[in-house]
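Data block for upload.txt (compact mmCIF, C-alpha atoms):
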```
# COMPACT_ATOMS: atom_id res chain seq x y z
CA MET A 67 64.40 -88.12 -12.50
CA ALA A 68 64.20 -90.62 -9.64
CA ILE A 69 65.06 -94.20 -10.57
CA ILE A 70 63.83 -96.99 -8.33
CA GLU A 71 66.62 -99.06 -6.85
CA LYS A 72 64.96 -102.42 -7.43
CA LYS A 73 66.55 -104.77 -9.95
CA ALA A 74 63.70 -104.15 -12.39
CA GLY A 75 63.21 -103.27 -16.02
CA LEU A 76 60.87 -102.65 -18.92
CA VAL A 77 60.46 -104.81 -22.02
CA LEU A 78 58.76 -102.97 -24.89
CA GLU A 79 57.29 -104.78 -27.89
CA GLY A 80 57.21 -103.12 -31.31
CA GLY A 81 54.44 -103.08 -33.89
CA ALA A 82 54.93 -99.79 -35.80
CA THR A 83 51.93 -97.54 -35.08
CA ARG A 84 50.64 -100.03 -32.50
CA GLY A 85 53.46 -98.57 -30.41
CA ILE A 86 51.14 -95.68 -29.63
CA PHE A 87 49.64 -97.94 -26.92
CA THR A 88 53.09 -98.18 -25.30
CA SER A 89 53.43 -94.40 -25.54
CA GLY A 90 50.31 -94.02 -23.40
CA VAL A 91 51.61 -96.51 -20.84
CA LEU A 92 55.01 -94.81 -20.56
CA ASP A 93 53.65 -91.27 -20.52
CA TYR A 94 51.60 -92.17 -17.46
CA LEU A 95 54.63 -93.76 -15.77
CA MET A 96 56.73 -90.66 -16.50
CA GLU A 97 54.00 -88.40 -15.14
CA GLN A 98 54.15 -90.45 -11.94
CA GLU A 99 57.96 -90.18 -12.05
CA LEU A 100 58.33 -93.94 -12.06
CA TYR A 101 61.54 -94.86 -13.85
CA LEU A 102 62.98 -98.36 -13.89
CA PRO A 103 66.77 -98.85 -14.14
CA TYR A 104 66.72 -100.93 -17.33
CA VAL A 105 64.79 -100.67 -20.60
CA ILE A 106 64.94 -102.89 -23.66
CA GLY A 107 62.85 -102.08 -26.72
CA VAL A 108 62.26 -103.51 -30.16
CA SER A 109 61.23 -101.53 -33.25
CA ALA A 110 58.61 -98.99 -32.12
CA GLY A 111 59.42 -100.15 -28.60
CA ALA A 112 62.97 -98.87 -29.14
CA CYS A 113 61.61 -95.42 -30.03
CA ASN A 114 59.42 -95.47 -26.94
CA GLY A 115 62.35 -96.69 -24.88
CA ILE A 116 64.78 -93.89 -25.69
CA ASP A 117 62.09 -91.25 -25.05
CA TYR A 118 61.42 -92.85 -21.67
CA VAL A 119 65.12 -92.74 -20.82
CA SER A 120 65.34 -89.07 -21.86
CA GLY A 121 62.17 -88.33 -19.88
CA GLN A 122 60.31 -86.73 -22.78
CA ILE A 123 56.62 -87.10 -22.00
CA GLY A 124 54.50 -87.03 -25.16
CA ARG A 125 57.36 -87.13 -27.67
CA THR A 126 56.69 -90.60 -29.07
CA ARG A 127 52.99 -89.82 -29.23
CA ASN A 128 53.72 -86.69 -31.27
CA CYS A 129 55.95 -88.65 -33.62
CA ILE A 130 53.30 -91.32 -34.24
CA ILE A 131 50.45 -88.79 -34.53
CA PRO A 132 52.02 -85.86 -36.43
CA PRO A 133 50.02 -82.61 -36.16
CA ASP A 134 50.08 -81.84 -39.89
CA LYS A 135 50.20 -83.68 -43.22
CA ASP A 136 53.70 -82.48 -44.06
CA SER A 137 55.04 -84.34 -41.02
CA ARG A 138 53.46 -87.69 -41.84
CA TYR A 139 55.91 -90.56 -42.24
CA ILE A 140 53.74 -92.95 -44.29
CA ASP A 141 53.32 -91.93 -47.92
CA VAL A 142 52.33 -94.59 -50.45
CA ARG A 143 53.34 -92.42 -53.40
CA LYS A 144 56.82 -91.90 -51.97
CA ALA A 145 57.03 -95.59 -51.19
CA LEU A 146 56.68 -96.44 -54.88
CA LYS A 147 59.74 -94.29 -55.61
CA THR A 148 61.94 -95.10 -52.61
CA GLY A 149 60.94 -98.71 -51.95
CA SER A 150 60.27 -97.88 -48.29
CA LEU A 151 56.76 -97.56 -46.88
CA PHE A 152 57.98 -95.41 -44.01
CA ASP A 153 59.92 -92.17 -44.52
CA MET A 154 62.83 -93.22 -42.32
CA ASP A 155 64.84 -90.06 -43.04
CA LEU A 156 61.96 -88.00 -41.71
CA ILE A 157 61.55 -90.18 -38.60
CA PHE A 158 65.22 -90.46 -37.68
CA ASP A 159 66.64 -87.20 -39.00
CA LYS A 160 64.13 -84.36 -39.21
CA TYR A 161 61.99 -85.51 -36.29
CA PRO A 162 64.79 -85.70 -33.67
CA LYS A 163 66.74 -82.72 -34.99
CA GLU A 164 64.01 -80.28 -36.03
CA ILE A 165 60.33 -81.21 -35.67
CA PHE A 166 60.26 -83.15 -32.38
CA PRO A 167 63.73 -82.56 -30.89
CA PHE A 168 65.23 -85.50 -29.03
CA ASP A 169 67.01 -84.56 -25.79
CA PHE A 170 70.22 -86.49 -26.30
CA GLU A 171 71.90 -84.71 -23.39
CA ALA A 172 69.22 -85.99 -21.02
CA TYR A 173 69.55 -89.46 -22.54
CA GLN A 174 73.32 -89.37 -22.23
CA ASN A 175 73.19 -88.28 -18.59
CA SER A 176 70.49 -90.74 -17.57
CA LYS A 177 71.47 -93.57 -15.24
CA ILE A 178 68.92 -95.85 -16.91
CA ARG A 179 70.50 -98.64 -18.92
CA CYS A 180 68.87 -98.95 -22.35
CA GLU A 181 69.21 -101.56 -25.07
CA MET A 182 67.61 -101.88 -28.49
CA ALA A 183 67.21 -105.22 -30.23
CA VAL A 184 68.41 -105.40 -33.84
CA THR A 185 68.93 -108.26 -36.28
CA ASN A 186 72.34 -108.80 -37.83
CA CYS A 187 71.56 -109.48 -41.50
CA VAL A 188 74.75 -111.50 -42.01
CA THR A 189 74.43 -113.84 -39.04
CA GLY A 190 70.64 -113.77 -38.70
CA LYS A 191 71.12 -113.32 -34.93
CA ALA A 192 69.72 -110.81 -32.46
CA GLU A 193 72.04 -108.19 -31.04
CA TYR A 194 71.38 -105.62 -28.32
CA LEU A 195 72.93 -102.21 -28.90
CA ASP A 196 73.03 -98.73 -27.40
CA ASP A 197 75.20 -95.61 -27.55
CA LYS A 198 75.29 -92.78 -25.03
CA GLU A 199 78.30 -91.12 -26.64
CA ASP A 200 77.32 -90.71 -30.30
CA GLU A 201 73.84 -89.35 -31.06
CA LEU A 202 73.95 -90.27 -34.75
CA ARG A 203 74.93 -93.85 -33.96
CA LEU A 204 72.15 -94.06 -31.36
CA LEU A 205 69.59 -92.94 -33.94
CA SER A 206 71.03 -95.41 -36.46
CA ILE A 207 70.57 -98.23 -33.96
CA CYS A 208 66.99 -97.17 -33.33
CA ARG A 209 66.40 -96.89 -37.06
CA ALA A 210 67.79 -100.38 -37.62
CA SER A 211 65.55 -101.79 -34.90
CA CYS A 212 62.56 -100.24 -36.69
CA SER A 213 63.52 -101.26 -40.25
CA MET A 214 60.85 -103.83 -41.07
CA PRO A 215 61.70 -106.31 -43.84
CA ILE A 216 60.33 -105.48 -47.30
CA ALA A 217 58.88 -102.17 -46.01
CA SER A 218 62.28 -100.63 -45.15
CA SER A 219 65.94 -100.76 -46.12
CA MET A 220 68.81 -102.26 -44.14
CA VAL A 221 70.79 -99.91 -41.90
CA GLU A 222 74.57 -100.15 -41.78
CA ILE A 223 76.20 -99.77 -38.35
CA ASP A 224 79.95 -100.19 -37.99
CA GLY A 225 80.03 -101.70 -41.49
CA ILE A 226 77.40 -104.35 -40.72
CA PRO A 227 73.84 -104.36 -42.17
CA TYR A 228 71.04 -104.58 -39.62
CA MET A 229 67.25 -104.77 -39.69
CA ASP A 230 64.19 -105.06 -37.48
CA GLY A 231 64.98 -106.59 -34.10
CA GLY A 232 61.53 -108.14 -34.12
CA LEU A 233 62.72 -110.73 -36.61
CA THR A 234 64.86 -112.44 -33.99
CA ASP A 235 63.63 -111.24 -30.58
CA SER A 236 60.24 -109.52 -30.71
CA VAL A 237 59.78 -109.38 -26.93
CA PRO A 238 63.17 -109.82 -25.22
CA VAL A 239 61.99 -111.08 -21.84
CA ALA A 240 64.65 -113.81 -21.82
CA ARG A 241 67.34 -111.21 -22.51
CA MET A 242 66.23 -109.16 -19.50
CA LEU A 243 66.07 -112.15 -17.17
CA LYS A 244 69.55 -113.29 -18.26
CA GLN A 245 70.85 -109.83 -17.33
CA GLY A 246 69.81 -110.52 -13.73
CA TYR A 247 66.73 -108.32 -13.47
CA LYS A 248 64.28 -109.91 -11.04
CA LYS A 249 61.25 -107.71 -11.71
CA CYS A 250 60.12 -107.63 -15.32
CA VAL A 251 57.47 -105.24 -16.64
CA VAL A 252 56.34 -106.16 -20.17
CA VAL A 253 54.36 -103.86 -22.45
CA LEU A 254 52.77 -105.75 -25.35
CA THR A 255 50.95 -104.25 -28.33
CA ARG A 256 48.83 -107.29 -29.19
CA ASN A 257 45.81 -108.76 -27.44
CA ALA A 258 46.08 -111.75 -25.12
CA GLY A 259 46.31 -115.03 -26.97
CA TYR A 260 47.72 -113.61 -30.21
CA ARG A 261 50.09 -115.91 -32.09
CA LYS A 262 51.91 -115.44 -35.42
CA ARG A 263 51.63 -117.54 -38.56
CA LEU A 264 53.93 -117.47 -41.58
CA SER A 265 52.42 -118.13 -44.98
CA ARG A 266 54.39 -119.85 -47.71
CA GLN A 267 53.90 -116.74 -49.82
CA ALA A 268 55.64 -114.58 -47.21
CA ALA A 269 58.53 -117.04 -47.04
CA LEU A 270 58.94 -116.86 -50.82
CA ILE A 271 58.97 -113.06 -50.68
CA TYR A 272 61.74 -113.11 -48.07
CA GLN A 273 63.75 -115.57 -50.13
CA ALA A 274 63.46 -113.41 -53.24
CA ALA A 275 64.20 -110.13 -51.46
CA TYR A 276 67.14 -111.28 -49.35
CA LYS A 277 68.77 -114.09 -51.32
CA LYS A 278 72.17 -112.52 -50.61
CA TYR A 279 71.50 -112.92 -46.88
CA PRO A 280 70.50 -116.57 -46.34
CA GLU A 281 70.72 -116.34 -42.53
CA LEU A 282 68.36 -113.37 -42.57
CA VAL A 283 65.90 -115.39 -44.66
CA LYS A 284 66.10 -118.23 -42.15
CA ALA A 285 65.52 -115.80 -39.27
CA SER A 286 62.52 -114.28 -41.04
CA CYS A 287 60.98 -117.72 -41.57
CA ARG A 288 61.66 -118.74 -37.96
CA ARG A 289 60.08 -115.58 -36.55
CA PRO A 290 56.57 -116.99 -35.91
CA LEU A 291 58.00 -119.99 -34.05
CA LEU A 292 60.25 -117.83 -31.86
CA TYR A 293 57.51 -115.27 -31.24
CA ASN A 294 54.98 -117.90 -30.22
CA ARG A 295 57.47 -119.57 -27.88
CA THR A 296 58.09 -116.20 -26.25
CA MET A 297 54.35 -115.62 -25.83
CA ASP A 298 54.01 -119.05 -24.22
CA LEU A 299 56.84 -118.16 -21.83
CA ILE A 300 55.23 -114.82 -20.98
CA ASP A 301 51.88 -116.50 -20.31
CA ARG A 302 53.52 -119.00 -17.94
CA LEU A 303 55.51 -116.35 -16.07
CA GLU A 304 52.49 -114.06 -15.84
CA GLU A 305 50.29 -116.84 -14.48
CA LYS A 306 52.85 -117.48 -11.72
CA GLY A 307 53.09 -113.76 -10.90
CA HIS A 308 56.76 -113.59 -11.86
CA ILE A 309 56.28 -110.78 -14.40
CA PHE A 310 53.89 -107.85 -14.81
CA VAL A 311 52.28 -107.68 -18.25
CA ILE A 312 50.17 -104.89 -19.66
CA ARG A 313 48.57 -105.33 -23.07
CA PRO A 314 45.66 -103.86 -25.08
CA GLU A 315 42.20 -105.04 -24.09
CA MET A 316 40.50 -103.36 -27.03
CA PRO A 317 40.93 -104.30 -30.71
CA VAL A 318 44.42 -103.26 -31.80
CA VAL A 319 45.13 -100.81 -34.60
CA SER A 320 46.91 -101.72 -37.83
CA ARG A 321 50.68 -101.25 -37.84
CA THR A 322 50.18 -98.70 -40.65
CA GLU A 323 47.16 -96.91 -39.16
CA GLN A 324 47.19 -93.20 -40.04
CA ARG A 325 43.87 -91.82 -38.77
CA PRO A 326 44.68 -89.47 -35.85
CA GLU A 327 41.43 -90.18 -34.01
CA VAL A 328 42.00 -93.95 -34.12
CA LEU A 329 45.61 -93.64 -32.97
CA ASP A 330 44.66 -91.21 -30.22
CA ALA A 331 42.03 -93.62 -28.91
CA PHE A 332 44.64 -96.40 -28.77
CA TYR A 333 47.04 -94.03 -26.99
CA ARG A 334 44.36 -93.15 -24.44
CA HIS A 335 43.69 -96.85 -23.94
CA GLY A 336 47.36 -97.40 -23.05
CA TYR A 337 47.38 -94.40 -20.72
CA GLU A 338 44.18 -95.39 -18.91
CA SER A 339 45.22 -99.04 -18.72
CA MET A 340 48.40 -98.09 -16.89
CA LYS A 341 46.57 -95.61 -14.70
CA ASN A 342 44.05 -98.26 -13.66
CA ARG A 343 46.77 -100.80 -12.87
CA PHE A 344 49.34 -98.46 -11.36
CA GLU A 345 48.73 -99.57 -7.77
CA GLU A 346 49.00 -103.20 -8.90
CA LEU A 347 52.33 -102.37 -10.56
CA ILE A 348 53.65 -100.69 -7.43
CA ASN A 349 52.72 -103.75 -5.37
CA TYR A 350 54.45 -106.01 -7.89
CA LEU A 351 57.62 -103.92 -7.76
CA GLY A 352 57.51 -104.12 -3.98
```
Whole structure, structure tokens version:
Amino acid sequence: MAIIEKKAGLVLEGGATRGIFTSGVLDYLMEQELYLPYVIGVSAGACNGIDYVSGQIGRTRNCIIPPDKDSRYIDVRKALKTGSLFDMDLIFDKYPKEIFPFDFEAYQNSKIRCEMAVTNCVTGKAEYLDDKEDELRLLSICRASCSMPIASSMVEIDGIPYMDGGLTDSVPVARMLKQGYKKCVVVLTRNAGYRKRLSRQAALIYQAAYKKYPELVKASCRRPLLYNRTMDLIDRLEEKGHIFVIRPEMPVVSRTEQRPEVLDAFYRHGYESMKNRFEELINYLG
């Protein structure tokens, strides 16, 4: 694995199954043996990020598009019993240990710095975590980053409950720039111009579900504002040529899409988009 020496990094947005677009982008980069020295991912972007660091081409794609029904992680009938739309035990236990083994040794030995954004449920603030010593803690961090409100349960790490990093920092461009990285490559999973809106109904649901965590409720309600500000920042930086942004140019899939053919088409779109813009990326990186 050759890592470019430029002060450059990857920012990976989440979006549950929309992350299959990012998988296509990163698989092409790994095939070209282009590895940047820093990666920060959120939610599905965190899953993509650790597979990029471990150099496992195709792993995230396989996880998002399981080859058989028994390996599927979305089960509405189970959700009614467990209260979680996604089978998180399957994704973060059986997948990495049995079905789609995660190469923790390669991750541990990689010189790439990786961070995953999570939301501290007590403080309502974003935190950026990683662990190259403890595989179980690493997977817990990734699980926390992916634990969407209402659809998933909180994840306890070091005695603190955490949830989806997307609540407080959906696309951590500012985090990367503050770390001193001059070249910023951003992979988004939404179309250009997308902005979030929060309905009063959603706010009431958050208040009812997390009344014991008032700062988390506030963070959930602030999410659209913070997300839209970040998108405005990205648009300004992209227009000036300061960052390299790759995003879907076809209609995006639902974050709970399960049809293999639809997901595969979105994966191919990510792969071909990166392939078509690879020379542009190389020029940007200098």
remark   = Of A:Ile116, A:Ser213, A:Met229, A:Ile271, the one sitting nearest Asp197 of chain A when using all atoms listed in the file is A:Ile116
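For Arg261 of chain A, the non-local neighbours within 7 Å, defined as residues at least 2 positions apart in the same chain or in other chains and counting only C-alpha atoms, are Gly259, Arg263 and Asn294 of chain A.
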Counting all atoms listed in the file, the residue of A:Ile207, A:Ile309, A:Ala192, A:Ile300 that sits nearest Val221 of chain A =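 Among the listed residues, the smallest separation from Val221 of chain A belongs to A:Ile207.
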key: Non-local contacts of Met297 of chain A (12 Å; all atoms listed in the file; under 2 positions in same chain excluded) as a VMD selection string   = chain A and resid 79 235 to 240 252 254 256 to 262 290 to 295 299 to 304 311
Output, as AutoDock Vina command-line options, the centre and edge lengths in Å (one decimal) of the axis-aligned box that contains all listed atoms of segment 91-106 of chain A with 3 Å of margin on each side.
```
--center_x 59.2 --center_y -95.6 --center_z -17.8 --size_x 21.2 --size_y 20.5 --size_z 17.7
```
message = Show me, as a VMD selection string, the residues that have an atom within 8 Å of Arg289 of chain A when counting all atoms listed in the file, minus same-chain residues fewer than 3 positions from it.
response = chain A and resid 232 to 234 285 to 286 292 to 293
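Going from atom CA of Gly124 of chain A over to atom CA of Tyr247 of chain A, you cover 27.2 Å.
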query = Which residue, A:Ser320, A:Thr126, A:Gln273, A:Asn342, has the smallest gap to Arg84 of chain A when you use all atoms listed in the file?
reply = A:Ser320
query = Please, what distance in Å, to one decimal, runs between atom CA of Asn186 of chain A and atom CA of Val108 of chain A?
reply =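 One can read the atom CA of Asn186 of chain A to atom CA of Val108 of chain A distance as 13.7 Å.
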request  = Show which residues sit within 10 Å of Arg321 of chain A, as number ranges by chain. Count all atoms listed in the file, and ignore same-chain residues fewer than 6 positions away.
outcome  = A: 80-86, 255
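Here atom CA of Ile178 of chain A stands at a distance of 23.8 Å from atom CA of Asp159 of chain A.
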message = Which residues are near Lys249 of chain A? Cut-off 7 Å, only C-alpha atoms, ignore same chain within fewer than 3 positions. Put them as an MDAnalysis selection string.
response = chainID A and resid 73:75 309 351
A:Asn114, A:Ser89, A:Gln245, A:Ser339 ranked by distance to Cys208 of chain A, top pick (using all atoms listed in the file) =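 Among the listed residues, the smallest separation from Cys208 of chain A belongs to A:Asn114.
Distances to Phe168 of chain A were evaluated for A:Lys284, A:Lys191, A:Arg125, A:Arg325 using all atoms listed in the file, and the minimum falls at A:Arg125.
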task = Select, counting all atoms listed in the file, all protein, DNA and RNA residues no farther than 10 Å from (66.0, -86.8, -32.0) in file coordinates, and express the selection as an NGL selection string.
result = :A and (113 or 116-117 or 125 or 157-170 or 201-202 or 204-205)
request  = Name the closest residue to Glu171 of chain A among the candidates A:Glu193, A:Pro132, A:Pro314, A:Val119; distances are taken between atoms, counting all atoms listed in the file.
outcome  =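 Closest to Glu171 of chain A of all the choices is A:Val119.
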request  = Give as a PyMOL selection string the set of residues within 10 Å of the point (67.2, -99.0, -29.7), where distances use the file's coordinates and all atoms listed in the file.
outcome  = chain A and resi 105-116+180-184+194-197+204-212+231
Since the input is missing atoms, can you rebuild N, CA, C and O atoms for segment 219-238 of chain A and write them as a JSON list (two decimals), in the frame of the given file?
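Written file, out_14.json:
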```
[["chain", "number", "residue", "atom", "x", "y", "z"],
["A", 219, "SER", "N", 64.61, -100.34, -45.71],
["A", 219, "SER", "CA", 65.94, -100.76, -46.12],
["A", 219, "SER", "C", 66.80, -101.16, -44.93],
["A", 219, "SER", "O", 66.51, -100.77, -43.79],
["A", 220, "MET", "N", 67.86, -101.92, -45.19],
["A", 220, "MET", "CA", 68.81, -102.26, -44.14],
["A", 220, "MET", "C", 69.53, -101.00, -43.69],
["A", 220, "MET", "O", 69.65, -100.02, -44.43],
["A", 221, "VAL", "N", 70.04, -101.04, -42.46],
["A", 221, "VAL", "CA", 70.79, -99.91, -41.90],
["A", 221, "VAL", "C", 72.18, -100.41, -41.54],
["A", 221, "VAL", "O", 72.33, -101.39, -40.81],
["A", 222, "GLU", "N", 73.20, -99.73, -42.05],
["A", 222, "GLU", "CA", 74.57, -100.15, -41.78],
["A", 222, "GLU", "C", 75.09, -99.47, -40.52],
["A", 222, "GLU", "O", 75.04, -98.25, -40.39],
["A", 223, "ILE", "N", 75.59, -100.27, -39.58],
["A", 223, "ILE", "CA", 76.20, -99.77, -38.35],
["A", 223, "ILE", "C", 77.55, -100.45, -38.20],
["A", 223, "ILE", "O", 77.63, -101.68, -38.19],
["A", 224, "ASP", "N", 78.59, -99.65, -38.11],
["A", 224, "ASP", "CA", 79.95, -100.19, -37.99],
["A", 224, "ASP", "C", 80.27, -101.17, -39.12],
["A", 224, "ASP", "O", 80.93, -102.19, -38.92],
["A", 225, "GLY", "N", 79.74, -100.88, -40.32],
["A", 225, "GLY", "CA", 80.03, -101.70, -41.49],
["A", 225, "GLY", "C", 79.20, -102.96, -41.61],
["A", 225, "GLY", "O", 79.41, -103.76, -42.52],
["A", 226, "ILE", "N", 78.23, -103.15, -40.71],
["A", 226, "ILE", "CA", 77.40, -104.35, -40.72],
["A", 226, "ILE", "C", 75.94, -103.96, -41.00],
["A", 226, "ILE", "O", 75.43, -103.02, -40.39],
["A", 227, "PRO", "N", 75.25, -104.67, -41.90],
["A", 227, "PRO", "CA", 73.84, -104.36, -42.17],
["A", 227, "PRO", "C", 72.92, -104.96, -41.11],
["A", 227, "PRO", "O", 73.06, -106.13, -40.75],
["A", 228, "TYR", "N", 72.00, -104.14, -40.64],
["A", 228, "TYR", "CA", 71.04, -104.58, -39.62],
["A", 228, "TYR", "C", 69.62, -104.29, -40.07],
["A", 228, "TYR", "O", 69.38, -103.41, -40.92],
["A", 229, "MET", "N", 68.68, -105.01, -39.45],
["A", 229, "MET", "CA", 67.25, -104.77, -39.69],
["A", 229, "MET", "C", 66.47, -104.96, -38.39],
["A", 229, "MET", "O", 67.05, -105.13, -37.32],
["A", 230, "ASP", "N", 65.17, -104.94, -38.55],
["A", 230, "ASP", "CA", 64.19, -105.06, -37.48],
["A", 230, "ASP", "C", 64.56, -106.10, -36.42],
["A", 230, "ASP", "O", 64.70, -107.29, -36.72],
["A", 231, "GLY", "N", 64.68, -105.67, -35.17],
["A", 231, "GLY", "CA", 64.98, -106.59, -34.10],
["A", 231, "GLY", "C", 63.87, -107.59, -33.85],
["A", 231, "GLY", "O", 64.09, -108.66, -33.27],
["A", 232, "GLY", "N", 62.66, -107.24, -34.32],
["A", 232, "GLY", "CA", 61.53, -108.14, -34.12],
["A", 232, "GLY", "C", 61.65, -109.44, -34.89],
["A", 232, "GLY", "O", 60.95, -110.42, -34.58],
["A", 233, "LEU", "N", 62.53, -109.49, -35.86],
["A", 233, "LEU", "CA", 62.72, -110.73, -36.61],
["A", 233, "LEU", "C", 63.31, -111.84, -35.75],
["A", 233, "LEU", "O", 63.04, -113.02, -35.95],
["A", 234, "THR", "N", 64.14, -111.45, -34.78],
["A", 234, "THR", "CA", 64.86, -112.44, -33.99],
["A", 234, "THR", "C", 64.54, -112.42, -32.50],
["A", 234, "THR", "O", 64.80, -113.40, -31.81],
["A", 235, "ASP", "N", 64.00, -111.31, -32.00],
["A", 235, "ASP", "CA", 63.63, -111.24, -30.58],
["A", 235, "ASP", "C", 62.57, -110.16, -30.39],
["A", 235, "ASP", "O", 62.86, -109.05, -29.94],
["A", 236, "SER", "N", 61.33, -110.50, -30.72],
["A", 236, "SER", "CA", 60.24, -109.52, -30.71],
["A", 236, "SER", "C", 59.94, -108.96, -29.33],
["A", 236, "SER", "O", 59.59, -107.79, -29.19],
["A", 237, "VAL", "N", 60.07, -109.80, -28.31],
["A", 237, "VAL", "CA", 59.78, -109.38, -26.93],
["A", 237, "VAL", "C", 60.87, -109.96, -26.03],
["A", 237, "VAL", "O", 60.73, -111.07, -25.51],
["A", 238, "PRO", "N", 61.98, -109.24, -25.86],
["A", 238, "PRO", "CA", 63.17, -109.82, -25.22],
["A", 238, "PRO", "C", 63.11, -110.00, -23.70],
["A", 238, "PRO", "O", 63.94, -109.48, -22.95]]
```
